[in-house]
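One file, my_file_2.txt, carrying compact mmCIF, C-alpha atoms (C1' of nucleotides):
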```txt
# COMPACT_ATOMS: atom_id res chain seq x y z
CA MET A 1 0.00 0.00 0.00
CA THR A 2 3.03 2.19 0.23
CA GLU A 3 3.96 3.42 -3.23
CA LYS A 4 0.64 4.04 -4.85
CA THR A 5 0.29 7.35 -6.53
CA ASN A 6 -3.47 7.26 -6.91
CA PRO A 7 -5.56 7.51 -3.78
CA SER A 8 -8.35 5.02 -3.18
CA PRO A 9 -11.93 6.26 -2.96
CA ALA A 10 -11.85 5.54 0.76
CA ALA A 11 -8.73 7.66 1.15
CA ILE A 12 -10.25 10.51 -0.82
CA LYS A 13 -13.39 10.43 1.23
CA ALA A 14 -11.54 10.39 4.53
CA TRP A 15 -9.31 13.24 3.33
CA ALA A 16 -12.26 15.31 2.20
CA ARG A 17 -14.07 14.84 5.48
CA LEU A 18 -10.97 15.64 7.44
CA MET A 19 -10.44 18.86 5.52
CA ARG A 20 -14.02 19.93 5.73
CA VAL A 21 -14.71 19.02 9.32
CA SER A 22 -11.52 20.51 10.65
CA ARG A 23 -12.22 23.79 8.86
CA GLN A 24 -15.75 23.88 10.16
CA LEU A 25 -14.70 23.18 13.71
CA VAL A 26 -11.97 25.79 13.67
CA GLU A 27 -14.41 28.30 12.31
CA ARG A 28 -16.94 27.49 15.00
CA ALA A 29 -14.39 27.76 17.74
CA GLU A 30 -13.04 31.04 16.35
CA ASP A 31 -16.55 32.43 16.08
CA ALA A 32 -17.25 31.54 19.69
CA LEU A 33 -14.13 33.39 20.79
CA LYS A 34 -15.01 36.39 18.66
CA ASP A 35 -18.50 36.45 20.06
CA SER A 36 -16.95 36.80 23.48
CA SER A 37 -14.52 39.46 22.29
CA LEU A 38 -11.59 37.18 22.95
CA PRO A 39 -8.41 36.78 20.89
CA PRO A 40 -8.09 34.12 18.19
CA LEU A 41 -7.14 30.49 18.68
CA ALA A 42 -3.52 31.08 17.74
CA TRP A 43 -3.11 33.18 20.85
CA TYR A 44 -4.53 30.40 22.93
CA ASP A 45 -2.10 27.88 21.54
CA VAL A 46 0.86 30.01 22.49
CA LEU A 47 -0.48 31.03 25.88
CA HIS A 48 -1.24 27.42 26.62
CA GLU A 49 2.29 26.29 25.87
CA LEU A 50 3.73 29.10 27.90
CA ALA A 51 1.45 28.40 30.83
CA GLU A 52 2.51 24.77 30.79
CA ALA A 53 6.14 25.79 30.66
CA GLY A 54 5.80 27.76 33.89
CA GLU A 55 8.09 30.47 35.16
CA GLY A 56 11.03 29.19 33.19
CA GLY A 57 9.30 30.23 30.00
CA LEU A 58 10.16 29.04 26.53
CA ARG A 59 12.40 30.12 23.73
CA PRO A 60 10.62 31.14 20.54
CA PHE A 61 12.11 28.20 18.66
CA GLN A 62 10.62 25.86 21.25
CA LEU A 63 7.22 27.39 20.60
CA ILE A 64 7.73 26.78 16.92
CA GLU A 65 8.40 23.11 17.56
CA ARG A 66 5.37 22.73 19.76
CA THR A 67 2.81 24.71 17.80
CA LEU A 68 3.62 24.21 14.11
CA PHE A 69 3.61 27.94 13.53
CA ALA A 70 6.16 29.32 11.13
CA GLN A 71 9.10 31.21 12.52
CA TYR A 72 8.02 34.60 11.26
CA ASN A 73 4.55 33.91 12.51
CA ILE A 74 5.71 33.25 16.05
CA SER A 75 7.93 36.28 15.91
CA ARG A 76 5.06 38.58 15.12
CA LEU A 77 2.55 36.81 17.29
CA LEU A 78 4.85 37.23 20.26
CA ALA A 79 5.22 40.90 19.41
CA ARG A 80 1.44 41.27 19.57
CA LEU A 81 1.18 39.29 22.78
CA GLU A 82 3.88 41.42 24.31
CA ALA A 83 2.18 44.60 23.16
CA ASP A 84 -0.92 43.37 24.95
CA GLY A 85 1.03 42.60 28.08
CA LEU A 86 0.26 38.89 27.95
CA VAL A 87 3.86 37.75 27.72
CA GLU A 88 7.25 39.25 28.48
CA LYS A 89 10.50 38.79 26.63
CA LEU A 90 13.48 38.13 28.82
CA ARG A 91 16.83 38.88 27.26
CA VAL A 92 18.64 37.07 30.03
CA ALA A 93 19.32 33.93 28.02
CA ASP A 94 22.88 32.70 28.10
CA ASP A 95 22.53 32.72 24.33
CA GLY A 96 22.94 36.27 23.18
CA ARG A 97 20.85 35.68 20.08
CA GLY A 98 17.82 34.48 21.85
CA GLN A 99 15.29 35.38 24.45
CA THR A 100 12.96 33.63 26.77
CA ILE A 101 9.25 34.20 26.63
CA ARG A 102 7.30 34.08 29.85
CA ILE A 103 3.58 34.39 30.31
CA THR A 104 2.41 37.19 32.59
CA GLY A 105 -0.39 37.20 35.11
CA LYS A 106 -2.56 38.97 32.60
CA GLY A 107 -1.61 36.33 30.08
CA ARG A 108 -2.71 33.57 32.42
CA GLU A 109 -5.94 35.36 33.08
CA THR A 110 -6.60 35.79 29.37
CA ARG A 111 -5.85 32.15 28.77
CA ARG A 112 -8.30 31.21 31.49
CA ARG A 113 -11.06 33.30 29.98
CA MET A 114 -10.34 31.89 26.55
CA TRP A 115 -10.47 28.36 27.86
CA ALA A 116 -13.90 28.92 29.34
CA VAL A 117 -15.15 29.56 25.82
CA TYR A 118 -12.84 27.30 23.88
CA GLY A 119 -13.36 24.37 26.20
CA ARG A 120 -17.10 24.75 25.87
CA SER A 121 -16.73 24.68 22.09
CA ILE A 122 -14.75 21.47 22.28
CA ALA A 123 -17.31 19.92 24.60
CA GLU A 124 -20.17 20.87 22.30
CA LEU A 125 -18.55 20.21 18.96
CA VAL A 126 -16.78 17.00 19.79
CA GLY A 127 -17.53 15.78 23.30
CA ALA A 128 -21.27 15.89 22.81
CA ARG A 129 -21.17 14.09 19.49
CA LEU A 130 -19.02 11.06 20.09
CA SER A 131 -18.82 8.66 22.99
CA ASN A 132 -15.59 8.38 24.88
CA ASP A 133 -14.86 5.11 23.16
CA ASP A 134 -15.37 6.66 19.75
CA LEU A 135 -13.22 9.60 20.75
CA GLU A 136 -10.45 7.21 21.64
CA ILE A 137 -10.76 5.46 18.32
CA LEU A 138 -10.71 8.76 16.50
CA SER A 139 -7.62 9.89 18.39
CA ALA A 140 -5.85 6.65 17.60
CA LEU A 141 -6.64 6.85 13.90
CA LEU A 142 -5.57 10.46 13.71
CA GLY A 143 -2.42 9.58 15.61
CA ARG A 144 -1.44 7.30 12.78
CA LEU A 145 -1.63 10.21 10.34
CA ARG A 146 0.84 12.35 12.23
CA HIS A 147 4.12 13.46 10.73
CA PRO A 148 6.67 12.35 11.28
CA ALA A 149 4.99 9.02 11.70
CA ALA A 150 4.62 8.64 15.42
CA LEU A 151 6.61 6.07 17.29
CA GLU A 152 3.98 5.49 19.90
CA MET B 1 -23.75 14.29 27.35
CA THR B 2 -25.30 17.24 25.61
CA GLU B 3 -25.05 20.24 27.88
CA LYS B 4 -21.66 19.87 29.44
CA THR B 5 -19.54 22.91 29.32
CA ASN B 6 -16.28 21.22 30.22
CA PRO B 7 -14.76 18.89 27.68
CA SER B 8 -13.62 15.44 28.75
CA PRO B 9 -9.95 14.53 28.43
CA ALA B 10 -10.87 12.23 25.57
CA ALA B 11 -12.60 15.09 23.78
CA ILE B 12 -9.64 17.39 24.30
CA LYS B 13 -7.23 14.82 22.99
CA ALA B 14 -9.31 14.09 19.90
CA TRP B 15 -9.70 17.81 19.27
CA ALA B 16 -6.01 18.46 19.62
CA ARG B 17 -5.10 15.66 17.27
CA LEU B 18 -7.66 16.77 14.76
CA MET B 19 -6.31 20.31 14.78
CA ARG B 20 -2.73 19.27 14.59
CA VAL B 21 -3.04 16.53 12.01
CA SER B 22 -5.26 18.51 9.70
CA ARG B 23 -2.84 21.42 9.75
CA GLN B 24 0.08 19.16 9.06
CA LEU B 25 -1.65 17.44 6.20
CA VAL B 26 -2.75 20.68 4.59
CA GLU B 27 0.76 22.00 4.88
CA ARG B 28 2.19 18.89 3.27
CA ALA B 29 -0.26 18.98 0.43
CA GLU B 30 0.34 22.69 -0.13
CA ASP B 31 4.07 22.15 -0.13
CA ALA B 32 3.77 19.41 -2.70
CA LEU B 33 1.80 21.73 -4.98
CA LYS B 34 4.28 24.53 -4.49
CA ASP B 35 7.15 22.20 -5.27
CA SER B 36 5.50 21.55 -8.60
CA SER B 37 4.83 25.24 -9.19
CA LEU B 38 1.10 24.67 -9.02
CA PRO B 39 -1.57 26.92 -7.48
CA PRO B 40 -2.74 26.45 -3.89
CA LEU B 41 -5.38 24.02 -2.68
CA ALA B 42 -8.10 26.65 -2.63
CA TRP B 43 -7.88 26.87 -6.39
CA TYR B 44 -8.27 23.15 -6.64
CA ASP B 45 -11.39 23.16 -4.54
CA VAL B 46 -13.07 25.68 -6.77
CA LEU B 47 -11.89 24.13 -10.02
CA HIS B 48 -13.07 20.77 -8.80
CA GLU B 49 -16.56 22.01 -8.05
CA LEU B 50 -16.76 23.77 -11.37
CA ALA B 51 -15.53 20.73 -13.24
CA GLU B 52 -18.18 18.61 -11.57
CA ALA B 53 -20.81 21.17 -12.43
CA GLY B 54 -20.03 20.86 -16.14
CA GLU B 55 -20.91 23.33 -18.88
CA GLY B 56 -23.80 24.79 -16.91
CA GLY B 57 -21.35 26.26 -14.45
CA LEU B 58 -22.17 27.47 -11.00
CA ARG B 59 -23.22 30.72 -9.40
CA PRO B 60 -20.72 32.15 -6.93
CA PHE B 61 -23.14 31.64 -4.06
CA GLN B 62 -23.33 27.97 -4.95
CA LEU B 63 -19.58 27.75 -4.70
CA ILE B 64 -19.77 29.35 -1.29
CA GLU B 65 -22.21 26.70 -0.12
CA ARG B 66 -20.09 23.89 -1.45
CA THR B 67 -16.64 25.02 -0.40
CA LEU B 68 -17.04 26.84 2.92
CA PHE B 69 -15.17 29.84 1.59
CA ALA B 70 -16.37 33.24 2.65
CA GLN B 71 -18.20 35.38 0.16
CA TYR B 72 -15.45 37.95 -0.26
CA ASN B 73 -12.97 35.15 -0.57
CA ILE B 74 -14.80 33.52 -3.44
CA SER B 75 -15.26 36.86 -5.10
CA ARG B 76 -11.55 37.53 -5.18
CA LEU B 77 -10.54 33.97 -5.85
CA LEU B 78 -12.75 33.96 -8.92
CA ALA B 79 -11.19 37.21 -10.03
CA ARG B 80 -7.76 35.58 -9.87
CA LEU B 81 -8.94 32.46 -11.62
CA GLU B 82 -10.49 34.56 -14.33
CA ALA B 83 -7.34 36.62 -14.69
CA ASP B 84 -5.48 33.36 -15.21
CA GLY B 85 -7.99 32.22 -17.80
CA LEU B 86 -9.07 29.21 -15.75
CA VAL B 87 -12.71 30.22 -15.48
CA GLU B 88 -15.05 32.56 -17.29
CA LYS B 89 -17.82 34.70 -15.91
CA LEU B 90 -21.06 34.61 -17.84
CA ARG B 91 -23.38 37.51 -17.28
CA VAL B 92 -26.22 35.67 -18.97
CA ALA B 93 -28.04 34.77 -15.76
CA ASP B 94 -31.74 35.57 -15.72
CA ASP B 95 -30.86 37.25 -12.44
CA GLY B 96 -29.32 40.59 -13.27
CA ARG B 97 -27.35 40.66 -10.04
CA GLY B 98 -25.58 37.42 -10.62
CA GLN B 99 -23.33 35.58 -12.97
CA THR B 100 -22.46 32.06 -13.81
CA ILE B 101 -18.94 30.76 -13.49
CA ARG B 102 -17.75 28.17 -15.94
CA ILE B 103 -14.45 26.37 -16.00
CA THR B 104 -12.40 26.74 -19.19
CA GLY B 105 -10.31 24.17 -21.00
CA LYS B 106 -7.24 25.64 -19.43
CA GLY B 107 -8.97 25.40 -16.09
CA ARG B 108 -9.66 21.71 -16.60
CA GLU B 109 -6.09 21.15 -17.62
CA THR B 110 -4.79 22.94 -14.55
CA ARG B 111 -7.10 20.94 -12.35
CA ARG B 112 -5.80 17.75 -13.92
CA ARG B 113 -2.20 18.67 -13.28
CA MET B 114 -3.02 19.67 -9.72
CA TRP B 115 -4.77 16.39 -9.12
CA ALA B 116 -1.73 14.44 -10.21
CA VAL B 117 0.14 16.01 -7.32
CA TYR B 118 -2.68 16.41 -4.85
CA GLY B 119 -3.95 12.89 -5.35
CA ARG B 120 -0.50 11.54 -4.75
CA SER B 121 -0.32 13.50 -1.51
CA ILE B 122 -3.59 12.01 -0.38
CA ALA B 123 -2.43 8.53 -1.27
CA GLU B 124 0.80 8.96 0.63
CA LEU B 125 -0.44 10.88 3.62
CA VAL B 126 -3.64 8.99 4.22
CA GLY B 127 -4.05 6.05 1.90
CA ALA B 128 -0.70 4.55 2.77
CA ARG B 129 -1.19 4.90 6.51
CA LEU B 130 -4.59 3.42 7.16
CA SER B 131 -6.29 0.35 5.78
CA ASN B 132 -9.49 0.79 3.85
CA ASP B 133 -11.46 -0.41 6.83
CA ASP B 134 -9.82 2.13 9.08
CA LEU B 135 -10.41 4.82 6.51
CA GLU B 136 -14.08 3.98 6.52
CA ILE B 137 -14.20 4.16 10.29
CA LEU B 138 -12.42 7.48 10.25
CA SER B 139 -14.81 8.87 7.65
CA ALA B 140 -17.78 7.73 9.68
CA LEU B 141 -16.52 9.30 12.88
CA LEU B 142 -15.68 12.55 11.14
CA GLY B 143 -19.08 12.50 9.51
CA ARG B 144 -20.64 12.67 12.91
CA LEU B 145 -18.75 15.89 13.63
CA ARG B 146 -20.12 17.73 10.64
CA HIS B 147 -22.21 20.84 10.93
CA PRO B 148 -25.02 21.02 10.64
CA ALA B 149 -25.21 17.57 12.15
CA ALA B 150 -25.64 15.28 9.20
CA LEU B 151 -28.88 13.52 8.60
CA GLU B 152 -27.25 10.50 7.05
C1' DC C 1 42.35 34.23 17.65
C1' DC C 2 39.93 34.37 13.25
C1' DG C 3 37.16 33.42 9.37
C1' DG C 4 33.44 30.45 7.68
C1' DT C 5 29.23 28.38 8.60
C1' DG C 6 25.10 27.60 11.27
C1' DT C 7 21.27 29.11 14.27
C1' DC C 8 17.97 32.58 16.49
C1' DA C 9 14.92 35.98 15.65
C1' DA C 10 13.18 40.23 13.15
C1' DT C 11 11.54 42.57 9.08
C1' DG C 12 10.50 44.67 4.13
C1' DC C 13 7.46 43.67 0.73
C1' DA C 14 3.86 41.61 -1.85
C1' DG C 15 -0.15 38.89 -1.66
C1' DT C 16 -4.29 37.37 1.03
C1' DT C 17 -7.86 37.57 4.50
C1' DG C 18 -11.46 39.62 7.41
C1' DC C 19 -14.59 43.15 8.23
C1' DA C 20 -17.70 46.38 6.96
C1' DT C 21 -19.82 48.54 3.51
C1' DC C 22 -21.44 49.51 -1.10
C1' DT C 23 -23.79 48.99 -5.61
C1' DA C 24 -27.09 46.78 -8.21
C1' DT C 25 -30.91 44.03 -8.78
C1' DA C 26 -34.86 41.28 -7.07
C1' DT C 27 -38.92 40.57 -4.38
C1' DA C 28 -42.59 41.36 -1.06
C1' DG C 29 -46.18 44.25 0.72
C1' DA C 30 -49.03 48.38 1.27
C1' DT D 1 -46.94 51.09 -8.57
C1' DC D 2 -43.95 52.42 -5.18
C1' DT D 3 -41.35 51.83 -1.12
C1' DA D 4 -38.95 48.64 2.06
C1' DT D 5 -36.33 44.87 2.57
C1' DA D 6 -33.50 41.08 1.03
C1' DT D 7 -29.99 38.95 -1.91
C1' DA D 8 -25.77 38.74 -5.25
C1' DG D 9 -21.47 40.12 -5.64
C1' DA D 10 -17.53 43.67 -5.34
C1' DT D 11 -14.35 46.51 -2.79
C1' DG D 12 -11.67 49.94 0.56
C1' DC D 13 -9.05 49.38 4.34
C1' DA D 14 -6.60 47.32 8.07
C1' DA D 15 -4.58 43.19 9.73
C1' DC D 16 -2.20 39.05 8.80
C1' DT D 17 0.66 35.62 6.10
C1' DG D 18 4.39 33.89 3.22
C1' DC D 19 8.72 34.55 1.30
C1' DA D 20 13.12 36.05 1.21
C1' DT D 21 16.54 38.35 3.47
C1' DT D 22 18.96 40.51 7.21
C1' DG D 23 21.35 41.24 11.63
C1' DA D 24 23.14 39.36 15.56
C1' DC D 25 25.39 35.99 17.88
C1' DA D 26 27.33 30.98 18.44
C1' DC D 27 30.45 27.53 17.30
C1' DC D 28 33.76 24.87 14.68
C1' DG D 29 38.21 24.23 12.37
C1' DG D 30 42.59 25.71 11.64
```
Starting from the coordinates I provided, produce the structure as structure tokens.
Amino acid sequence: MTEKTNPSPAAIKAWARLMRVSRQLVERAEDALKDSSLPPLAWYDVLHELAEAGEGGLRPFQLIERTLFAQYNISRLLARLEADGLVEKLRVADDGRGQTIRITGKGRETRRRMWAVYGRSIAELVGARLSNDDLEILSALLGRLRHPAALE
Amino acid sequence: MTEKTNPSPAAIKAWARLMRVSRQLVERAEDALKDSSLPPLAWYDVLHELAEAGEGGLRPFQLIERTLFAQYNISRLLARLEADGLVEKLRVADDGRGQTIRITGKGRETRRRMWAVYGRSIAELVGARLSNDDLEILSALLGRLRHPAALE
DNA sequence: CCGGTGTCAATGCAGTTGCATCTATATAGA
DNA sequence: TCTATATAGATGCAACTGCATTGACACCGG
């Protein structure tokens, strides 16, 4: 099954659903945030990683690894987050090129308010539609589509 | 399970995988098209719908329904496609506000060349990683996440 | 110690998206 | 018929993205 160049109908269908459903769900979640006058999902992703990282913070390149954002995207996103006071850039790194990004109290608070809305979206859009068993199956199948192919 | 406002861990995990995997796959497919100097996926989506529609073409608002693109997005995308000679706008509608969009020969040819690359991406990224049975399961689960909730 | 190469992050520029609005036409209702 | 409202599609403007490049520092080899 490994060197085919033409996708099977089943593959096409699964691909199409994946594309369509993921776009719809993102749109729904973004709309919910907008309706609450909260920042977009991308901000959440970064704030989430930084909150998990704790006081030590993260280097921008670590955020890139974790979030899949492009380098220039992180660079500008962090500039916006900093302008909003949600993160701070610490020049103290022992690497003169870099910096460490740390979430601020306001950043944590914003993340919390976003999660109230975002989490509800996830519960409604996914949690309420599939049983836990089906969710597990879905996660497992999606896990096998990751790149690089997961070693799990 | 319908009115919870906090997502279960299983729901969060499935959501996270869905977000991450779909982004990765889109990126891969886009990269493959770029590597072949072909237009982006969005063009394919529109050309595909128009090719299916045949000589009768489609109204822009029909494309919006089918593709999930925003109205202004379709408007400008069609302008670019027209500028490239891939579609033509027919003012002949019996509705003076509207127009009909029809794919051109060049448009069909471009779609064909895009499919050669795009289809291979689908085969590699999805078809080669899951059996047909698993693909069916995945499609079914994703189908249950559609909005509005499918009546299937 | 020094030059060459590699890595971290920022940025100029062009293209695209999102929002709100606008024009034009259609349709419903008094 | 005439006005009010609704629908189809385009567009000005601001924000964002993608690409390529730059600037700053790190590190390796001689």
Q) For chain C, which residues have at least one atom within 12 Å of chain B, if we go by all atoms listed in the file? Write them as an MDAnalysis selection string, please. A) chainID C and resid 15:20 23:27
With C-alpha atoms (C1' of nucleotides) retained, export the selected residues as a PDB file, in the frame of the given file.
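Once written, again34.pdb looks like this:
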```pdb
ATOM      1  C1'  DG C  15      -0.150  38.890  -1.660  1.00  0.00           C
ATOM      2  C1'  DT C  16      -4.290  37.370   1.030  1.00  0.00           C
ATOM      3  C1'  DT C  17      -7.860  37.570   4.500  1.00  0.00           C
ATOM      4  C1'  DG C  18     -11.460  39.620   7.410  1.00  0.00           C
ATOM      5  C1'  DC C  19     -14.590  43.150   8.230  1.00  0.00           C
ATOM      6  C1'  DA C  20     -17.700  46.380   6.960  1.00  0.00           C
ATOM      7  C1'  DT C  23     -23.790  48.990  -5.610  1.00  0.00           C
ATOM      8  C1'  DA C  24     -27.090  46.780  -8.210  1.00  0.00           C
ATOM      9  C1'  DT C  25     -30.910  44.030  -8.780  1.00  0.00           C
ATOM     10  C1'  DA C  26     -34.860  41.280  -7.070  1.00  0.00           C
ATOM     11  C1'  DT C  27     -38.920  40.570  -4.380  1.00  0.00           C
TER      12       DT C  27
END
```
Q. Please, what distance in Å, to one decimal, runs between C1' of DG18 (chain D) and CA of Arg59 (chain A)?
A. 22.3 Å
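Considering the residues B:Ala32, B:Leu18, B:Val87, B:Ile74 and counting only C-alpha atoms (C1' of nucleotides), chain D has its shortest atom-to-atom contact with B:Ile74.
For the pair CA of Ile122 (chain B) and CA of Gly143 (chain B), the separation is 18.4 Å.
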Using 7 Å as the limit and counting only C-alpha atoms, can you tabulate each residue of chain B that touches chain A, with its shortest atom-to-atom distance in Å and the two atoms involved, as JSON lines?
```
{"residue": "B:Met1", "atom": "CA", "partner": "A:Ala128", "partner_atom": "CA", "distance": 5.4}
{"residue": "B:Thr2", "atom": "CA", "partner": "A:Ala128", "partner_atom": "CA", "distance": 5.1}
{"residue": "B:Lys4", "atom": "CA", "partner": "A:Ala123", "partner_atom": "CA", "distance": 6.5}
{"residue": "B:Thr5", "atom": "CA", "partner": "A:Arg120", "partner_atom": "CA", "distance": 4.6}
{"residue": "B:Asn6", "atom": "CA", "partner": "A:Arg120", "partner_atom": "CA", "distance": 5.7}
{"residue": "B:Pro7", "atom": "CA", "partner": "A:Ala123", "partner_atom": "CA", "distance": 4.1}
{"residue": "B:Ser8", "atom": "CA", "partner": "A:Gly127", "partner_atom": "CA", "distance": 6.7}
{"residue": "B:Ala10", "atom": "CA", "partner": "A:Leu135", "partner_atom": "CA", "distance": 6.0}
{"residue": "B:Ala11", "atom": "CA", "partner": "A:Gly127", "partner_atom": "CA", "distance": 5.0}
{"residue": "B:Ile12", "atom": "CA", "partner": "A:Ile122", "partner_atom": "CA", "distance": 6.8}
{"residue": "B:Lys13", "atom": "CA", "partner": "A:Ser139", "partner_atom": "CA", "distance": 6.8}
{"residue": "B:Ala14", "atom": "CA", "partner": "A:Ser139", "partner_atom": "CA", "distance": 4.8}
{"residue": "B:Trp15", "atom": "CA", "partner": "A:Ile122", "partner_atom": "CA", "distance": 6.9}
{"residue": "B:Arg17", "atom": "CA", "partner": "A:Leu142", "partner_atom": "CA", "distance": 6.3}
{"residue": "B:Leu18", "atom": "CA", "partner": "A:Leu142", "partner_atom": "CA", "distance": 6.7}
{"residue": "B:Met19", "atom": "CA", "partner": "A:Ser22", "partner_atom": "CA", "distance": 6.7}
{"residue": "B:Val21", "atom": "CA", "partner": "A:Arg146", "partner_atom": "CA", "distance": 5.7}
{"residue": "B:Ser22", "atom": "CA", "partner": "A:Ser22", "partner_atom": "CA", "distance": 6.6}
{"residue": "B:Gly119", "atom": "CA", "partner": "A:Pro7", "partner_atom": "CA", "distance": 5.8}
{"residue": "B:Arg120", "atom": "CA", "partner": "A:Thr5", "partner_atom": "CA", "distance": 4.6}
{"residue": "B:Ile122", "atom": "CA", "partner": "A:Pro7", "partner_atom": "CA", "distance": 6.0}
{"residue": "B:Ala123", "atom": "CA", "partner": "A:Pro7", "partner_atom": "CA", "distance": 4.1}
{"residue": "B:Leu125", "atom": "CA", "partner": "A:Leu145", "partner_atom": "CA", "distance": 6.9}
{"residue": "B:Val126", "atom": "CA", "partner": "A:Ala11", "partner_atom": "CA", "distance": 6.1}
{"residue": "B:Gly127", "atom": "CA", "partner": "A:Ala11", "partner_atom": "CA", "distance": 5.0}
{"residue": "B:Ala128", "atom": "CA", "partner": "A:Thr2", "partner_atom": "CA", "distance": 5.1}
{"residue": "B:Arg129", "atom": "CA", "partner": "A:Leu145", "partner_atom": "CA", "distance": 6.6}
{"residue": "B:Asn132", "atom": "CA", "partner": "A:Ala10", "partner_atom": "CA", "distance": 6.1}
{"residue": "B:Leu135", "atom": "CA", "partner": "A:Ala10", "partner_atom": "CA", "distance": 6.0}
{"residue": "B:Glu136", "atom": "CA", "partner": "A:Ala10", "partner_atom": "CA", "distance": 6.4}
{"residue": "B:Leu138", "atom": "CA", "partner": "A:Ala14", "partner_atom": "CA", "distance": 6.5}
{"residue": "B:Ser139", "atom": "CA", "partner": "A:Ala14", "partner_atom": "CA", "distance": 4.8}
{"residue": "B:Leu141", "atom": "CA", "partner": "A:Leu138", "partner_atom": "CA", "distance": 6.9}
{"residue": "B:Leu142", "atom": "CA", "partner": "A:Arg17", "partner_atom": "CA", "distance": 6.3}
{"residue": "B:Gly143", "atom": "CA", "partner": "A:Arg17", "partner_atom": "CA", "distance": 6.8}
{"residue": "B:Arg144", "atom": "CA", "partner": "A:Arg129", "partner_atom": "CA", "distance": 6.8}
{"residue": "B:Leu145", "atom": "CA", "partner": "A:Val126", "partner_atom": "CA", "distance": 6.6}
{"residue": "B:Arg146", "atom": "CA", "partner": "A:Val21", "partner_atom": "CA", "distance": 5.7}
```
Q: Output as a PyMOL selection string the set of chain D residues within 10 Å of chain B, with distances taken over only C-alpha atoms (C1' of nucleotides).
A: chain D and resi 7-11
Q) Which value, in Å to one decimal, gives the distance between C1' of DA26 (chain D) and CA of Glu88 (chain A)? A) 23.9 Å
Q.
Counting only C-alpha atoms (C1' of nucleotides), I want the residues whose atoms come within 6 Å of (2.4, 26.2, 21.4) in the file frame, returned as a ChimeraX atom specification.
A. /A:45-46,49,63,66-67
Q: Compile the contact shell of DT3 (chain D) as a list in words: residues with an atom at most 12 Å away, counting only C-alpha atoms (C1' of nucleotides), same-chain residues fewer than 3 positions apart removed.
A: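 Skipping anything fewer than 3 positions along the chain leaves DT27, DA28, DG29 and DA30 of chain C.
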Q) Could you name the residues that touch Leu50 (chain B) at 8 Å or less, counting all atoms listed in the file, but leaving out those on the same chain fewer than 4 positions away, as number ranges by chain? A) B: 46, 54, 57-58, 101-103
Keeping only C-alpha atoms, write those residues as a PDB file, in the coordinates of the input.
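Contents of out-v7.pdb, as written:
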```
ATOM      1  CA  VAL B  46     -13.070  25.680  -6.770  1.00  0.00           C
ATOM      2  CA  GLY B  54     -20.030  20.860 -16.140  1.00  0.00           C
ATOM      3  CA  GLY B  57     -21.350  26.260 -14.450  1.00  0.00           C
ATOM      4  CA  LEU B  58     -22.170  27.470 -11.000  1.00  0.00           C
ATOM      5  CA  ILE B 101     -18.940  30.760 -13.490  1.00  0.00           C
ATOM      6  CA  ARG B 102     -17.750  28.170 -15.940  1.00  0.00           C
ATOM      7  CA  ILE B 103     -14.450  26.370 -16.000  1.00  0.00           C
TER       8      ILE B 103
END
```
